[in-house]
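Notes follow the structure.
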Amino acid sequence: MGGRTMEWAARANHLGGLPRKLVITAVGTFAKVVANLLNTTTVHNGDTLIRLVRSRPPGVPLLTVSNHMSTLDDPVIIVILFPDRCVICWSGKCIPITRGGGIYQEHMNEALDRLTNGAWLHTFPEGKVCQEDAPIRRLKWGTASLIARAPVTPIVLPIIHHGFEKVMPENYAFGRRPPVPLWNQEIKIVVGEPMEFNLPELREMALSQSRDSSFSSGQWPRNILGGLDEAEQKCLYMTISDQIRTTLENLRNFSKSYAKAEQ
């Protein structure tokens with residue numbers, strides 16, 4: 001993991017840092033306009049995220065997880081919660097995950113490096129945009145694998161939001177997105193409370209569950225997670241993912257009740 005030399009525009013030293021600076025300026029300005037000028041936003045419990053970003057214990061990573069309503073989710077949420085430092089938190093720092101590349105792909109290892117360094121990482125565990133008003137879908141296992149593999153178990157903070165699907169609808173006209181974000185919409189963001197994962201206990205559960213499963217294909221590495229085989233790894237990731245999905249769904253239901261109470 002320490003010898004990778006991946007070159008992409010988010011790196012500070014790529015082409016002298018010019019692409020990253022351009023991205024920072026353009027995306028930061030654009031997101032501020034969408035969040036603060038074109039639309040109305042409401043945030044519940046945002047102080048919890050701000051506190052964990054700024055003053056969590058040294059060396060402890062922060063992993064935020066949320067539903068994925070549009071391509072605007074990530075930059076605009078950061079602008080809303082951190083208007084004075086949006087370009088530091090987000091712009092030019094996305095890690096491009098290869099769809100279908102598996103949870104042990106190179107880019108996932110780079111995400112793991114961020115957690116290993118005690119940084120803040122945000123993921124969309126659903127794996128793709130979903131604009132339906134429906135329960136949280138089955139989660140991809142990538143986020144769970146990061147939690148299980150991190151040397152220090154990250155603080156996991158769930159976030160639910162609504163409204164971005166109206167600002168940037170996927171099927172606006174002829175099955176396409178609008179050329180620019182829409183305006184006069186309401187964006188609501190609800191930050192939950194930190195989740196706790198007892199990984200030794202979850203590993204024991206995975207060992208027990210895997211005895212009755214047929215998950216193994218013989219293609220997963222065994223030199224991670226204390227030597228767990230493929231079936232055991234999959235059971236562990238499934239258990240962690242189910243806990244995250246349940247928490248996000250409970251937060252989604254709370255956010256709907258919270259929105260009705262404000263009307």
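In the structure tokens, each chain is lettered A, B, ... as it comes, each chain's residues begin at 1, and ligands are numbered from 1 in order of appearance.
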Out of stretch 106-212 of chain A, which residues get strand (DSSP E) from DSSP, as a list in words?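 Everything in stretch 106-212 of chain A that counts as strand (DSSP E) is Trp120, Leu121, His122, Thr123, Ile155, Val156, Leu157, Pro158, Ile159, Ile160, His161, His162, Glu186, Ile187, Lys188, Ile189, Val190 and Val191 of chain A.
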Generate a file of the selected residues that holds all heavy atoms, formatted as a compact mmCIF listing (two decimals), in the first residue's frame.
# COMPACT_ATOMS: atom_id res chain seq x y z
N TRP A 120 -10.50 12.01 7.43
CA TRP A 120 -11.96 11.94 7.25
C TRP A 120 -12.24 11.46 5.83
O TRP A 120 -11.72 11.99 4.85
CB TRP A 120 -12.57 13.32 7.48
CG TRP A 120 -14.02 13.45 7.06
CD1 TRP A 120 -14.94 12.46 6.95
CD2 TRP A 120 -14.70 14.67 6.73
NE1 TRP A 120 -16.16 12.98 6.56
CE2 TRP A 120 -16.03 14.33 6.41
CE3 TRP A 120 -14.30 16.00 6.67
CZ2 TRP A 120 -16.97 15.29 6.04
CZ3 TRP A 120 -15.24 16.95 6.29
CH2 TRP A 120 -16.56 16.59 6.00
N LEU A 121 -13.08 10.43 5.71
CA LEU A 121 -13.46 9.88 4.42
C LEU A 121 -14.98 9.78 4.36
O LEU A 121 -15.61 9.34 5.33
CB LEU A 121 -12.84 8.49 4.23
CG LEU A 121 -13.11 7.78 2.91
CD1 LEU A 121 -12.35 8.45 1.77
CD2 LEU A 121 -12.71 6.30 3.01
N HIS A 122 -15.55 10.19 3.23
CA HIS A 122 -17.00 10.05 3.05
C HIS A 122 -17.28 9.02 1.97
O HIS A 122 -16.62 9.01 0.93
CB HIS A 122 -17.64 11.38 2.66
CG HIS A 122 -19.12 11.30 2.50
ND1 HIS A 122 -19.98 11.29 3.59
CD2 HIS A 122 -19.91 11.18 1.41
CE1 HIS A 122 -21.22 11.20 3.16
NE2 HIS A 122 -21.21 11.12 1.83
N THR A 123 -18.27 8.15 2.20
CA THR A 123 -18.64 7.16 1.21
C THR A 123 -20.15 7.15 1.00
O THR A 123 -20.92 7.55 1.87
CB THR A 123 -18.20 5.74 1.62
OG1 THR A 123 -18.99 5.30 2.74
CG2 THR A 123 -16.74 5.69 2.00
N ILE A 155 -14.55 6.19 13.52
CA ILE A 155 -15.85 6.67 13.97
C ILE A 155 -16.75 6.72 12.73
O ILE A 155 -16.40 7.35 11.73
CB ILE A 155 -15.75 8.06 14.60
CG1 ILE A 155 -14.84 8.02 15.83
CG2 ILE A 155 -17.13 8.61 14.97
CD1 ILE A 155 -14.51 9.39 16.39
N VAL A 156 -17.87 6.05 12.78
CA VAL A 156 -18.78 5.99 11.63
C VAL A 156 -19.99 6.86 11.92
O VAL A 156 -20.70 6.64 12.91
CB VAL A 156 -19.21 4.55 11.32
CG1 VAL A 156 -20.15 4.52 10.12
CG2 VAL A 156 -17.98 3.68 11.06
N LEU A 157 -20.22 7.86 11.07
CA LEU A 157 -21.30 8.82 11.29
C LEU A 157 -22.27 8.78 10.12
O LEU A 157 -21.90 9.09 8.99
CB LEU A 157 -20.72 10.23 11.46
CG LEU A 157 -21.73 11.31 11.88
CD1 LEU A 157 -22.20 11.07 13.31
CD2 LEU A 157 -21.11 12.70 11.76
N PRO A 158 -23.54 8.42 10.37
CA PRO A 158 -24.53 8.36 9.29
C PRO A 158 -25.14 9.73 9.00
O PRO A 158 -25.34 10.54 9.91
CB PRO A 158 -25.58 7.40 9.85
CG PRO A 158 -25.52 7.61 11.33
CD PRO A 158 -24.07 7.93 11.65
N ILE A 159 -25.43 9.98 7.74
CA ILE A 159 -26.06 11.23 7.29
C ILE A 159 -27.14 10.89 6.27
O ILE A 159 -26.92 10.07 5.38
CB ILE A 159 -25.03 12.18 6.65
CG1 ILE A 159 -23.92 12.54 7.64
CG2 ILE A 159 -25.71 13.45 6.14
CD1 ILE A 159 -22.78 13.34 7.02
N ILE A 160 -28.29 11.51 6.42
CA ILE A 160 -29.38 11.35 5.45
C ILE A 160 -29.75 12.74 4.92
O ILE A 160 -29.77 13.71 5.67
CB ILE A 160 -30.61 10.69 6.10
CG1 ILE A 160 -30.38 9.19 6.28
CG2 ILE A 160 -31.87 10.93 5.28
CD1 ILE A 160 -30.40 8.39 4.97
N HIS A 161 -30.02 12.81 3.64
CA HIS A 161 -30.42 14.10 3.07
C HIS A 161 -31.52 13.89 2.04
O HIS A 161 -31.67 12.83 1.44
CB HIS A 161 -29.22 14.81 2.44
CG HIS A 161 -28.44 13.96 1.48
ND1 HIS A 161 -28.83 13.79 0.17
CD2 HIS A 161 -27.32 13.23 1.64
CE1 HIS A 161 -27.97 12.98 -0.44
NE2 HIS A 161 -27.04 12.63 0.44
N HIS A 162 -32.30 14.95 1.84
CA HIS A 162 -33.37 14.99 0.85
C HIS A 162 -33.30 16.34 0.13
O HIS A 162 -32.87 17.32 0.70
CB HIS A 162 -34.74 14.84 1.50
CG HIS A 162 -34.91 13.60 2.31
ND1 HIS A 162 -35.19 12.38 1.75
CD2 HIS A 162 -34.84 13.38 3.65
CE1 HIS A 162 -35.28 11.46 2.70
NE2 HIS A 162 -35.07 12.04 3.86
N GLU A 186 -35.98 22.86 -1.61
CA GLU A 186 -35.60 22.72 -0.20
C GLU A 186 -34.67 21.53 -0.04
O GLU A 186 -35.00 20.42 -0.46
CB GLU A 186 -36.84 22.54 0.68
CG GLU A 186 -37.70 23.79 0.76
CD GLU A 186 -38.82 23.63 1.79
OE1 GLU A 186 -38.89 22.54 2.41
OE2 GLU A 186 -39.59 24.59 1.96
N ILE A 187 -33.52 21.77 0.57
CA ILE A 187 -32.55 20.72 0.86
C ILE A 187 -32.52 20.51 2.37
O ILE A 187 -32.35 21.47 3.12
CB ILE A 187 -31.15 21.10 0.35
CG1 ILE A 187 -31.17 21.30 -1.17
CG2 ILE A 187 -30.12 20.04 0.74
CD1 ILE A 187 -29.88 21.87 -1.72
N LYS A 188 -32.70 19.28 2.79
CA LYS A 188 -32.68 18.96 4.22
C LYS A 188 -31.60 17.91 4.48
O LYS A 188 -31.55 16.89 3.80
CB LYS A 188 -34.05 18.46 4.67
CG LYS A 188 -35.16 19.49 4.50
CD LYS A 188 -36.48 18.98 5.06
CE LYS A 188 -37.60 19.99 4.82
NZ LYS A 188 -37.35 21.27 5.52
N ILE A 189 -30.78 18.18 5.48
CA ILE A 189 -29.69 17.29 5.86
C ILE A 189 -29.84 16.94 7.34
O ILE A 189 -29.97 17.83 8.18
CB ILE A 189 -28.31 17.94 5.62
CG1 ILE A 189 -28.16 18.33 4.15
CG2 ILE A 189 -27.19 17.00 6.04
CD1 ILE A 189 -26.91 19.12 3.85
N VAL A 190 -29.84 15.64 7.63
CA VAL A 190 -29.95 15.17 9.02
C VAL A 190 -28.72 14.35 9.34
O VAL A 190 -28.45 13.32 8.70
CB VAL A 190 -31.23 14.34 9.24
CG1 VAL A 190 -31.27 13.81 10.67
CG2 VAL A 190 -32.47 15.17 8.94
N VAL A 191 -27.95 14.80 10.31
CA VAL A 191 -26.76 14.09 10.77
C VAL A 191 -27.14 13.23 11.98
O VAL A 191 -27.77 13.72 12.92
CB VAL A 191 -25.64 15.07 11.15
CG1 VAL A 191 -24.40 14.32 11.64
CG2 VAL A 191 -25.30 15.97 9.96
Would you kindly return, as number ranges by chain, each protein, DNA or RNA residue with an atom no farther than 12 Å from any atom of A:Ile50, considering only C-alpha atoms and excluding same-chain residues fewer than 4 positions away? A: 43-46, 54-56, 62, 64, 78, 80-85, 89, 120, 157, 191
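Reported to one decimal place, the separation of atom CA of A:Trp141 from atom CA of A:Thr98 is 14.0 Å.
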Just want the 8 Å neighbourhood of A:Leu207, counted on only C-alpha atoms, with same-chain residues fewer than 4 positions away dropped. Output as a list in words.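 In the requested format, the answer is Arg203, Arg211, Glu232 and Cys235 of chain A.
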